[in-house]
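The structure file coords19.txt is reproduced below (compact mmCIF, C-alpha atoms).
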```
# COMPACT_ATOMS: atom_id res chain seq x y z
CA MET A 1 91.92 98.41 9.28
CA ALA A 2 95.51 98.24 10.49
CA PRO A 3 96.04 97.25 14.13
CA PRO A 4 96.97 100.10 16.48
CA LEU A 5 100.59 100.72 17.34
CA PRO A 6 101.58 99.24 20.70
CA SER A 7 101.47 101.75 23.51
CA PRO A 8 103.79 101.57 26.52
CA SER A 9 101.03 99.93 28.56
CA MET A 10 100.53 97.24 25.86
CA ALA A 11 104.23 96.46 25.47
CA PRO A 12 105.71 93.29 26.99
CA PRO A 13 107.68 93.76 30.21
CA GLY A 14 110.99 93.25 28.44
CA LEU A 15 112.78 91.34 25.72
CA ILE A 16 116.11 89.67 26.26
CA HIS A 17 117.84 87.70 23.57
CA SER A 18 121.40 86.96 22.64
CA ALA A 19 123.24 88.31 19.68
CA PRO A 20 123.88 85.69 16.98
CA GLY A 21 125.92 82.91 18.52
CA PRO A 22 126.00 79.19 19.29
CA PRO A 23 122.73 77.20 19.16
CA ASP A 24 122.61 76.81 22.95
CA THR A 25 122.18 80.57 23.46
CA CYS A 26 119.30 81.01 25.88
CA ALA A 27 116.43 83.40 25.24
CA LEU A 28 113.46 84.57 27.25
CA LEU A 29 111.78 85.33 23.95
CA PRO A 30 113.00 84.27 20.49
CA PRO A 31 114.57 86.96 18.30
CA PRO A 32 112.01 88.65 16.05
CA PRO A 33 111.79 87.29 12.50
CA ALA A 34 112.40 90.68 10.91
CA ALA A 35 115.91 91.22 9.61
CA ALA A 36 116.49 94.70 11.05
CA PRO A 37 116.77 93.85 14.80
CA VAL A 38 119.01 90.86 14.04
CA ALA A 39 121.18 93.00 11.81
CA PHE A 40 121.37 95.61 14.54
CA ALA A 41 122.40 93.01 17.11
CA ALA A 42 125.09 91.73 14.79
CA ALA A 43 126.32 95.25 14.09
CA ALA A 44 126.38 96.07 17.78
CA ALA A 45 128.38 92.92 18.49
CA ALA A 46 130.74 93.64 15.59
CA SER A 47 131.32 97.20 16.85
CA MET A 48 132.89 95.78 20.03
CA SER A 49 136.23 94.18 19.31
CA GLY A 50 136.03 91.73 22.19
CA PRO A 51 137.51 88.30 22.86
CA ALA A 52 136.32 85.06 21.35
CA ALA A 53 134.89 82.70 23.95
CA GLU A 54 133.20 79.32 23.85
CA THR A 55 130.19 80.67 25.71
CA PRO A 56 128.00 83.43 24.21
CA SER A 57 129.94 86.66 24.78
CA ALA A 58 127.27 89.18 23.77
CA ILE A 59 123.65 89.78 24.74
CA GLN A 60 121.04 92.41 24.02
CA ILE A 61 118.20 93.73 26.19
CA CYS A 62 115.37 95.65 24.53
CA ARG A 63 112.67 97.63 26.31
CA ILE A 64 110.25 100.41 25.38
CA MET A 65 110.52 103.59 27.45
CA ARG A 66 107.39 104.40 29.44
CA PRO A 67 106.21 107.62 31.10
CA ASP A 68 107.40 106.48 34.53
CA ASP A 69 110.94 106.14 33.08
CA ALA A 70 111.17 109.84 32.25
CA ASN A 71 111.04 113.33 33.75
CA VAL A 72 108.25 115.85 33.19
CA ALA A 73 109.84 116.94 29.90
CA GLY A 74 109.75 113.39 28.52
CA ASN A 75 113.49 112.74 28.75
CA VAL A 76 114.34 109.28 30.11
CA HIS A 77 116.10 109.44 33.49
CA GLY A 78 119.80 108.72 33.40
CA GLY A 79 119.26 106.37 36.34
CA THR A 80 116.82 104.27 34.30
CA ILE A 81 119.44 103.83 31.58
CA LEU A 82 122.17 103.06 34.13
CA LYS A 83 119.95 100.38 35.66
CA MET A 84 119.42 98.71 32.27
CA ILE A 85 123.16 98.88 31.58
CA GLU A 86 123.89 97.14 34.89
CA GLU A 87 121.25 94.48 34.28
CA ALA A 88 122.83 93.56 30.94
CA GLY A 89 126.30 93.50 32.52
CA ALA A 90 125.12 91.33 35.40
CA ILE A 91 123.50 88.80 33.07
CA ILE A 92 126.47 88.31 30.79
CA SER A 93 129.11 88.30 33.54
CA THR A 94 127.15 85.87 35.74
CA ARG A 95 126.57 83.62 32.74
CA HIS A 96 130.28 83.62 31.91
CA CYS A 97 131.40 83.00 35.49
CA ASN A 98 129.16 79.91 35.62
CA SER A 99 130.21 78.59 32.19
CA GLN A 100 132.50 75.93 33.67
CA ASN A 101 131.87 73.19 36.20
CA GLY A 102 132.52 74.37 39.72
CA GLU A 103 131.05 76.41 42.54
CA ARG A 104 128.08 78.52 41.43
CA CYS A 105 128.20 82.28 41.79
CA VAL A 106 126.58 85.61 41.02
CA ALA A 107 128.58 88.47 39.51
CA ALA A 108 128.51 91.59 41.71
CA LEU A 109 129.14 95.08 40.35
CA ALA A 110 132.39 96.59 41.64
CA ARG A 111 132.88 99.66 39.48
CA VAL A 112 131.44 101.61 36.55
CA GLU A 113 133.87 103.64 34.46
CA ARG A 114 132.98 107.13 33.25
CA THR A 115 129.75 107.02 31.24
CA ASP A 116 128.73 109.77 28.82
CA PHE A 117 125.13 110.39 27.81
CA LEU A 118 125.65 111.16 24.12
CA SER A 119 122.03 111.74 23.14
CA PRO A 120 118.73 111.97 25.05
CA MET A 121 116.19 109.16 24.96
CA CYS A 122 112.47 109.89 25.03
CA ILE A 123 109.20 108.22 26.02
CA GLY A 124 108.04 105.73 23.36
CA GLU A 125 111.51 104.96 22.07
CA VAL A 126 113.00 101.47 22.37
CA ALA A 127 116.29 101.06 24.22
CA HIS A 128 118.64 98.42 22.82
CA VAL A 129 121.29 97.58 25.42
CA SER A 130 124.12 95.43 24.02
CA ALA A 131 126.73 93.96 26.38
CA GLU A 132 129.94 92.08 25.65
CA ILE A 133 132.80 90.72 27.77
CA THR A 134 136.04 92.43 26.74
CA TYR A 135 138.53 91.27 29.40
CA THR A 136 138.85 88.91 32.35
CA SER A 137 141.42 88.85 35.14
CA LYS A 138 141.72 86.13 37.76
CA HIS A 139 138.88 87.56 39.88
CA SER A 140 137.08 90.14 37.72
CA VAL A 141 135.21 90.60 34.45
CA GLU A 142 135.19 93.70 32.26
CA VAL A 143 131.96 94.27 30.33
CA GLN A 144 131.44 96.85 27.60
CA VAL A 145 127.89 98.09 27.08
CA ASN A 146 126.43 100.15 24.23
CA VAL A 147 122.95 101.69 24.35
CA MET A 148 121.02 102.57 21.20
CA SER A 149 117.64 104.27 21.05
CA GLU A 150 115.16 103.42 18.30
CA ASN A 151 112.18 105.46 17.17
CA ILE A 152 109.80 102.64 16.21
CA LEU A 153 107.66 105.00 14.10
CA THR A 154 110.51 106.18 11.85
CA GLY A 155 113.08 103.40 12.37
CA THR A 156 115.75 105.94 13.32
CA LYS A 157 118.46 104.61 15.63
CA LYS A 158 121.14 106.55 17.51
CA LEU A 159 123.87 105.76 20.00
CA THR A 160 123.01 107.19 23.42
CA ASN A 161 125.50 105.60 25.84
CA LYS A 162 128.77 103.70 26.11
CA ALA A 163 129.83 102.22 29.43
CA THR A 164 132.44 99.89 30.90
CA LEU A 165 131.62 97.88 34.03
CA TRP A 166 133.69 95.62 36.29
CA TYR A 167 132.19 92.61 38.07
CA VAL A 168 133.51 90.10 40.61
CA PRO A 169 132.01 86.59 41.07
CA LEU A 170 130.72 85.92 44.60
CA SER A 171 130.00 82.39 45.75
CA LEU A 172 126.37 81.48 46.37
CA LYS A 173 127.50 79.50 49.43
CA ASN A 174 129.67 82.25 50.95
CA VAL A 175 129.10 85.84 49.86
CA ASP A 176 132.52 86.90 51.14
CA LYS A 177 134.29 84.39 48.90
CA VAL A 178 135.44 85.72 45.52
CA LEU A 179 135.77 82.93 42.95
CA GLU A 180 138.09 82.67 39.98
CA VAL A 181 136.84 83.79 36.59
CA PRO A 182 136.99 81.39 33.62
CA PRO A 183 139.45 82.77 31.06
CA VAL A 184 138.42 83.97 27.63
CA VAL A 185 140.21 83.47 24.33
CA TYR A 186 141.25 86.71 22.64
CA SER A 187 141.31 87.07 18.88
CA ARG A 188 144.36 89.34 19.14
CA GLN A 189 147.13 89.43 21.74
CA GLU A 190 146.86 93.22 21.91
CA GLN A 191 143.34 92.90 23.33
CA GLU A 192 144.59 91.08 26.41
CA GLU A 193 147.42 93.56 26.96
CA GLU A 194 145.12 96.56 26.59
CA GLY A 195 142.60 94.95 28.94
CA ARG A 196 145.30 94.32 31.55
CA LYS A 197 146.28 98.00 31.44
CA ARG A 198 142.64 99.05 31.98
CA TYR A 199 142.36 96.58 34.85
CA GLU A 200 145.46 97.93 36.62
CA ALA A 201 144.34 101.54 36.12
CA GLN A 202 140.86 101.01 37.58
CA LYS A 203 142.26 98.97 40.46
CA LEU A 204 144.62 101.81 41.40
CA GLU A 205 141.87 104.43 41.20
CA ARG A 206 139.54 102.34 43.34
CA MET A 207 142.17 102.21 46.07
CA GLU A 208 142.70 105.98 45.86
CA THR A 209 139.00 106.83 46.09
CA LYS A 210 137.92 104.28 48.69
CA TRP A 211 138.44 106.60 51.63
CA ARG A 212 138.52 109.94 49.81
CA ASN A 213 134.88 110.72 50.54
CA GLY A 214 134.72 110.06 54.26
CA ASP A 215 132.80 113.19 55.20
CA ILE A 216 129.04 113.51 55.60
CA VAL A 217 126.62 115.97 54.00
CA GLN A 218 125.19 118.06 56.85
CA PRO A 219 121.98 120.14 56.56
CA VAL A 220 122.20 123.94 56.94
CA GLN A 221 119.44 126.22 58.17
CA ASN A 222 118.23 129.00 55.81
CA PRO A 223 120.91 128.66 53.12
CA GLU A 224 121.43 131.34 50.47
CA PRO A 225 120.58 130.64 46.81
CA ASN A 226 123.38 129.27 44.59
CA THR A 227 125.29 127.93 47.59
CA VAL A 228 126.16 124.29 48.17
CA SER A 229 123.79 124.07 51.13
CA TYR A 230 120.87 125.50 49.14
CA SER A 231 120.63 122.60 46.69
CA GLN A 232 122.09 119.68 48.66
CA SER A 233 119.61 116.83 49.02
CA SER A 234 119.26 113.41 50.64
CA LEU A 235 117.06 110.39 50.08
CA ILE A 236 116.50 107.61 52.61
CA HIS A 237 115.59 104.16 51.33
CA LEU A 238 114.85 100.89 53.11
CA VAL A 239 116.37 98.01 51.15
CA GLY A 240 113.72 95.40 50.38
CA PRO A 241 113.74 92.00 48.65
CA SER A 242 112.92 93.49 45.23
CA ASP A 243 116.13 95.54 45.39
CA CYS A 244 118.37 92.54 45.94
CA THR A 245 120.22 89.72 44.22
CA LEU A 246 120.08 86.02 45.14
CA HIS A 247 122.58 86.81 47.87
CA GLY A 248 120.27 89.33 49.53
CA PHE A 249 122.47 92.26 48.54
CA VAL A 250 121.39 95.32 46.58
CA HIS A 251 121.69 95.28 42.79
CA GLY A 252 124.25 97.81 41.57
CA GLY A 253 121.68 99.14 39.11
CA VAL A 254 119.23 99.93 41.92
CA THR A 255 121.89 101.93 43.75
CA MET A 256 122.88 103.83 40.60
CA LYS A 257 119.26 104.73 39.84
CA LEU A 258 118.81 106.17 43.34
CA MET A 259 122.11 108.07 43.03
CA ASP A 260 121.01 109.63 39.74
CA GLU A 261 117.65 110.56 41.26
CA VAL A 262 119.31 112.48 44.09
CA ALA A 263 121.80 114.14 41.74
CA GLY A 264 118.88 115.25 39.55
CA ILE A 265 117.12 116.83 42.53
CA VAL A 266 120.29 118.76 43.42
CA ALA A 267 120.67 120.01 39.84
CA ALA A 268 116.98 120.98 39.55
CA ARG A 269 117.09 122.89 42.85
CA HIS A 270 120.15 124.80 41.69
CA CYS A 271 118.90 125.66 38.18
CA LYS A 272 115.11 125.49 38.56
CA THR A 273 114.90 124.32 34.91
CA ASN A 274 114.67 121.03 33.04
CA ILE A 275 117.91 119.14 33.66
CA VAL A 276 119.38 115.96 32.15
CA THR A 277 122.32 113.71 32.98
CA ALA A 278 125.32 114.50 30.77
CA SER A 279 127.84 112.04 32.21
CA VAL A 280 128.74 109.98 35.25
CA ASP A 281 132.28 109.82 36.53
CA ALA A 282 133.53 106.45 37.75
CA ILE A 283 131.11 104.93 40.27
CA ASN A 284 132.95 102.98 42.94
CA PHE A 285 131.15 100.41 45.07
CA HIS A 286 133.17 100.28 48.28
CA ASP A 287 131.09 97.68 50.15
CA LYS A 288 128.00 95.52 49.74
CA ILE A 289 124.57 96.65 50.97
CA ARG A 290 122.50 93.93 52.64
CA LYS A 291 118.74 93.51 52.55
CA GLY A 292 117.12 95.30 55.50
CA CYS A 293 119.69 98.12 55.58
CA VAL A 294 118.60 101.74 55.54
CA ILE A 295 120.63 103.62 52.96
CA THR A 296 121.08 107.39 52.81
CA ILE A 297 121.92 108.80 49.38
CA SER A 298 123.26 112.35 49.71
CA GLY A 299 124.11 114.77 46.92
CA ARG A 300 125.82 118.15 46.86
CA MET A 301 127.00 120.54 44.16
CA THR A 302 130.79 120.66 43.87
CA PHE A 303 131.46 122.65 40.69
CA THR A 304 129.73 124.62 37.92
CA SER A 305 131.02 125.66 34.52
CA ASN A 306 129.09 127.92 32.17
CA LYS A 307 126.77 125.13 31.04
CA SER A 308 127.31 122.14 33.32
CA MET A 309 127.13 121.13 36.98
CA GLU A 310 129.14 118.51 38.86
CA ILE A 311 127.35 116.81 41.74
CA GLU A 312 128.97 114.49 44.26
CA VAL A 313 126.75 111.63 45.43
CA LEU A 314 127.54 109.54 48.51
CA VAL A 315 125.75 106.37 49.61
CA ASP A 316 125.88 105.37 53.28
CA ALA A 317 124.40 102.15 54.63
CA ASP A 318 123.05 101.67 58.12
CA PRO A 319 122.47 98.00 59.08
CA VAL A 320 119.67 98.75 61.55
CA VAL A 321 118.97 95.05 62.25
CA ASP A 322 122.63 94.30 63.00
CA ASN A 323 124.01 96.06 66.06
CA SER A 324 127.48 94.61 65.48
CA GLN A 325 128.07 96.72 62.34
CA LYS A 326 128.24 100.50 62.20
CA ARG A 327 127.13 102.85 59.43
CA TYR A 328 129.54 102.70 56.47
CA ARG A 329 130.23 104.28 53.08
CA ALA A 330 128.92 101.94 50.36
CA ALA A 331 129.36 103.89 47.11
CA SER A 332 130.39 107.25 45.71
CA ALA A 333 130.42 109.02 42.34
CA PHE A 334 130.32 112.36 40.53
CA PHE A 335 127.42 113.14 38.18
CA THR A 336 127.43 115.91 35.57
CA TYR A 337 124.16 117.59 34.56
CA VAL A 338 123.21 120.22 32.01
CA SER A 339 120.31 122.66 32.02
CA LEU A 340 117.89 122.66 29.06
CA SER A 341 115.22 125.03 27.80
CA GLN A 342 111.73 123.88 26.84
CA GLU A 343 113.04 123.52 23.28
CA GLY A 344 115.85 121.24 24.49
CA LYS A 345 118.63 123.79 24.01
CA SER A 346 121.47 124.19 26.51
CA LEU A 347 121.06 127.01 29.03
CA PRO A 348 123.65 128.84 31.16
CA VAL A 349 124.03 127.45 34.67
CA PRO A 350 123.89 129.73 37.75
CA GLN A 351 127.40 129.84 39.17
CA LEU A 352 127.98 128.01 42.44
CA VAL A 353 129.09 130.10 45.43
CA PRO A 354 131.33 127.99 47.69
CA GLU A 355 131.41 129.35 51.24
CA THR A 356 133.56 127.14 53.46
CA GLU A 357 137.17 126.11 52.91
CA ASP A 358 136.09 122.53 52.23
CA GLU A 359 133.59 123.72 49.61
CA LYS A 360 136.26 125.87 47.93
CA LYS A 361 138.64 122.90 47.89
CA ARG A 362 136.01 120.63 46.33
CA PHE A 363 135.23 123.37 43.78
CA GLU A 364 138.88 123.50 42.67
CA GLU A 365 139.05 119.71 42.49
CA GLY A 366 135.88 119.69 40.38
CA LYS A 367 137.34 122.36 38.12
CA GLY A 368 140.41 120.19 37.62
CA ARG A 369 138.27 117.19 36.63
CA TYR A 370 136.25 119.38 34.26
CA LEU A 371 139.33 120.80 32.51
CA GLN A 372 140.94 117.38 32.28
CA MET A 373 137.86 115.85 30.66
CA LYS A 374 137.44 118.87 28.35
CA ALA A 375 141.02 118.49 27.13
CA LYS A 376 140.52 114.75 26.68
CA ARG A 377 137.42 115.29 24.56
CA GLN A 378 139.13 117.89 22.39
CA GLY A 379 142.03 115.51 21.88
CA HIS A 380 139.64 112.82 20.59
CA THR A 381 137.68 115.17 18.35
CA GLU A 382 138.36 114.57 14.69
CA PRO A 383 138.48 117.61 12.39
CA GLN A 384 135.37 118.09 10.31
CA PRO A 385 135.83 117.86 6.50
```
This entry written out as structure tokens:
Amino acid sequence: MAPPLPSPSMAPPGLIHSAPGPPDTCALLPPPPAAAPVAFAAAAAASMSGPAAETPSAIQICRIMRPDDANVAGNVHGGTILKMIEEAGAIISTRHCNSQNGERCVAALARVERTDFLSPMCIGEVAHVSAEITYTSKHSVEVQVNVMSENILTGTKKLTNKATLWYVPLSLKNVDKVLEVPPVVYSRQEQEEEGRKRYEAQKLERMETKWRNGDIVQPVQNPEPNTVSYSQSSLIHLVGPSDCTLHGFVHGGVTMKLMDEVAGIVAARHCKTNIVTASVDAINFHDKIRKGCVITISGRMTFTSNKSMEIEVLVDADPVVDNSQKRYRAASAFFTYVSLSQEGKSLPVPQLVPETEDEKKRFEEGKGRYLQMKAKRQGHTEPQP
């Protein structure tokens, strides 16, 4: 009698191994002997045209999706995927930043570029998260991450996510000290030039958005349906040790998961249907969040098209054990959600009714972002044969 298939409860807590590389590549568990996963890891590494470095420049994290990773419809939460993406990025960037003799550090997440959710992932599927360093500046590391889902019953694999993350190395001795990043060797000169352009662009946008979202989401009594106030939501979370890095500061992935959770509540309240994350605009981390802080994650609807919703999410930190520091804005982002039927088909979205002048202004700004991204996607769409 054949042994039963592994259920989520029987699966190991996680599998991390490096893509094919030098013999000193570390592994929590050895790569499986079967050829398919190794071939996949090699293909994933080959699909990213990154630099050549002396240290391993690509890793892969694999984990089976369990019921507590998904919503009631069985779709894996976008926040769960974002957290895995950040974990892979943190591992490879921290490893690279400590690849040379010198002061030890941990790579902290500074920014996540726009991330599209290309295909849903379901309970029982295996997520393969592949990360590779694609550029380094003097004080930052760019990491490209691809996420594939695998149906272990049929062997079918599909690309679900692509993301670009930026990390900065913080000294273990002094968290406010940013260390220099070891350089990488590029296989082509164009790669370094293209990476420098991306670095300058994200740096400029971070400066523009740092103080753009200075307002606070205020509750409103007895709001009308389809208004901003009707669906706006907040979550309060006390930062504990399990949320933090070696420094005692919150993991970027933990923050992103909480942000997606709040955005999902806003979208569900507005539509009252099954909703899934479609994309995340650039997530900017404006300041670190220390262990013991109380963080408030607030979300509000800013724009609706016929079949999508844009939700602004703000993260404010309150250092309750430190009277010398006031409440501050720690992170901000825009999430896009879509409404789905029970069969998984896209549904029309109830149109948002902005009431105040600020809400109308945010609606027009959201419309501009939507049209800009729509034009960008159409420009990248290749004609079908």
Using all atoms listed in the file, which protein or nucleic acid residues come within 7 Å of Gly253 (chain A)? Drop anything in the same chain fewer than 3 positions from it, and give the result as a PyMOL selection string.
chain A and resi 82-83+86-87+256-257
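The closest residue to Thr164 (chain A), picked from A:Ile152, A:Ile85, A:Met121, A:Val321 and counting all atoms listed in the file, is A:Ile85.
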Using only C-alpha atoms: which of A:Glu224, A:Asp318, A:Glu190, A:Asp176 has the shortest distance to His237 (chain A)
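So, comparing all the options, the nearest one is A:Asp318.
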Pick from A:Val217, A:Ala107, A:Ile275, A:Ile133 nearest to Tyr186 (chain A), counting all atoms listed in the file:
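Checking each of A:Val217, A:Ala107, A:Ile275, A:Ile133 against Tyr186 (chain A), counting all atoms listed in the file, the winner is A:Ile133.
Around Pro241 (chain A), within 8 Å and counting all atoms listed in the file, the residues found are Cys244, Gly248 and Lys291 of chain A, once anything fewer than 3 positions away on its own chain is removed.
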Record the distance separating CA of Ser130 (chain A) and CA of Val147 (chain A), expressed in Å with one decimal.
6.4 Å
Pick from A:Gln100, A:Thr302, A:Asn71, A:Asn274, whichever lies nearest to Thr227 (chain A) using all atoms listed in the file:
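Counting all atoms listed in the file, the residue closest to Thr227 (chain A) is A:Thr302.
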For CA of Leu246 (chain A) and CA of Arg290 (chain A), quote the distance in Å rounded to one decimal.
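Atom-to-atom, CA of Leu246 (chain A) and CA of Arg290 (chain A) are spaced 11.2 Å apart.
Distance check against Pro354 (chain A) using only C-alpha atoms: of A:Ile297, A:Ala375, A:Val239, A:Val228, the minimum falls on A:Val228.
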Which neighbours of Thr94 (chain A) fall inside 10 Å, counting only C-alpha atoms, when residues of the same chain fewer than 2 positions from it are skipped, and could you give them as a PyMOL selection string?
chain A and resi 89-92+96-99+104-108+141+167-170+181
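For the pair CA of His251 (chain A) and CA of His286 (chain A), the interatomic distance is 13.7 Å.
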Using only C-alpha atoms, which residues sit within 7 Å of Ala131 (chain A) once same-chain residues fewer than 5 positions away are excluded, as a VMD selection string?
chain A and resid 58 to 60 88 to 89 143 to 146
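Compared by their closest atoms to Ile236 (chain A), and using all atoms listed in the file, the residues A:Thr296, A:Gln221, A:Ser279, A:Gln189 rank with A:Thr296 nearest.
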Contact residues around Ala278 (chain A) with all atoms listed in the file at 8 Å, ignoring same-chain residues under 3 positions, as an mmCIF file with C-alpha atoms, in the frame of the given file:
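Below you can see part_35.cif, which holds the result:
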```cif
data_model
loop_
_atom_site.group_PDB
_atom_site.id
_atom_site.type_symbol
_atom_site.label_atom_id
_atom_site.label_comp_id
_atom_site.auth_asym_id
_atom_site.auth_seq_id
_atom_site.Cartn_x
_atom_site.Cartn_y
_atom_site.Cartn_z
ATOM 1 C CA ASP A 116 128.730 109.770 28.820
ATOM 2 C CA PHE A 117 125.130 110.390 27.810
ATOM 3 C CA LEU A 118 125.650 111.160 24.120
ATOM 4 C CA PHE A 335 127.420 113.140 38.180
ATOM 5 C CA THR A 336 127.430 115.910 35.570
ATOM 6 C CA TYR A 337 124.160 117.590 34.560
ATOM 7 C CA VAL A 338 123.210 120.220 32.010
#
```
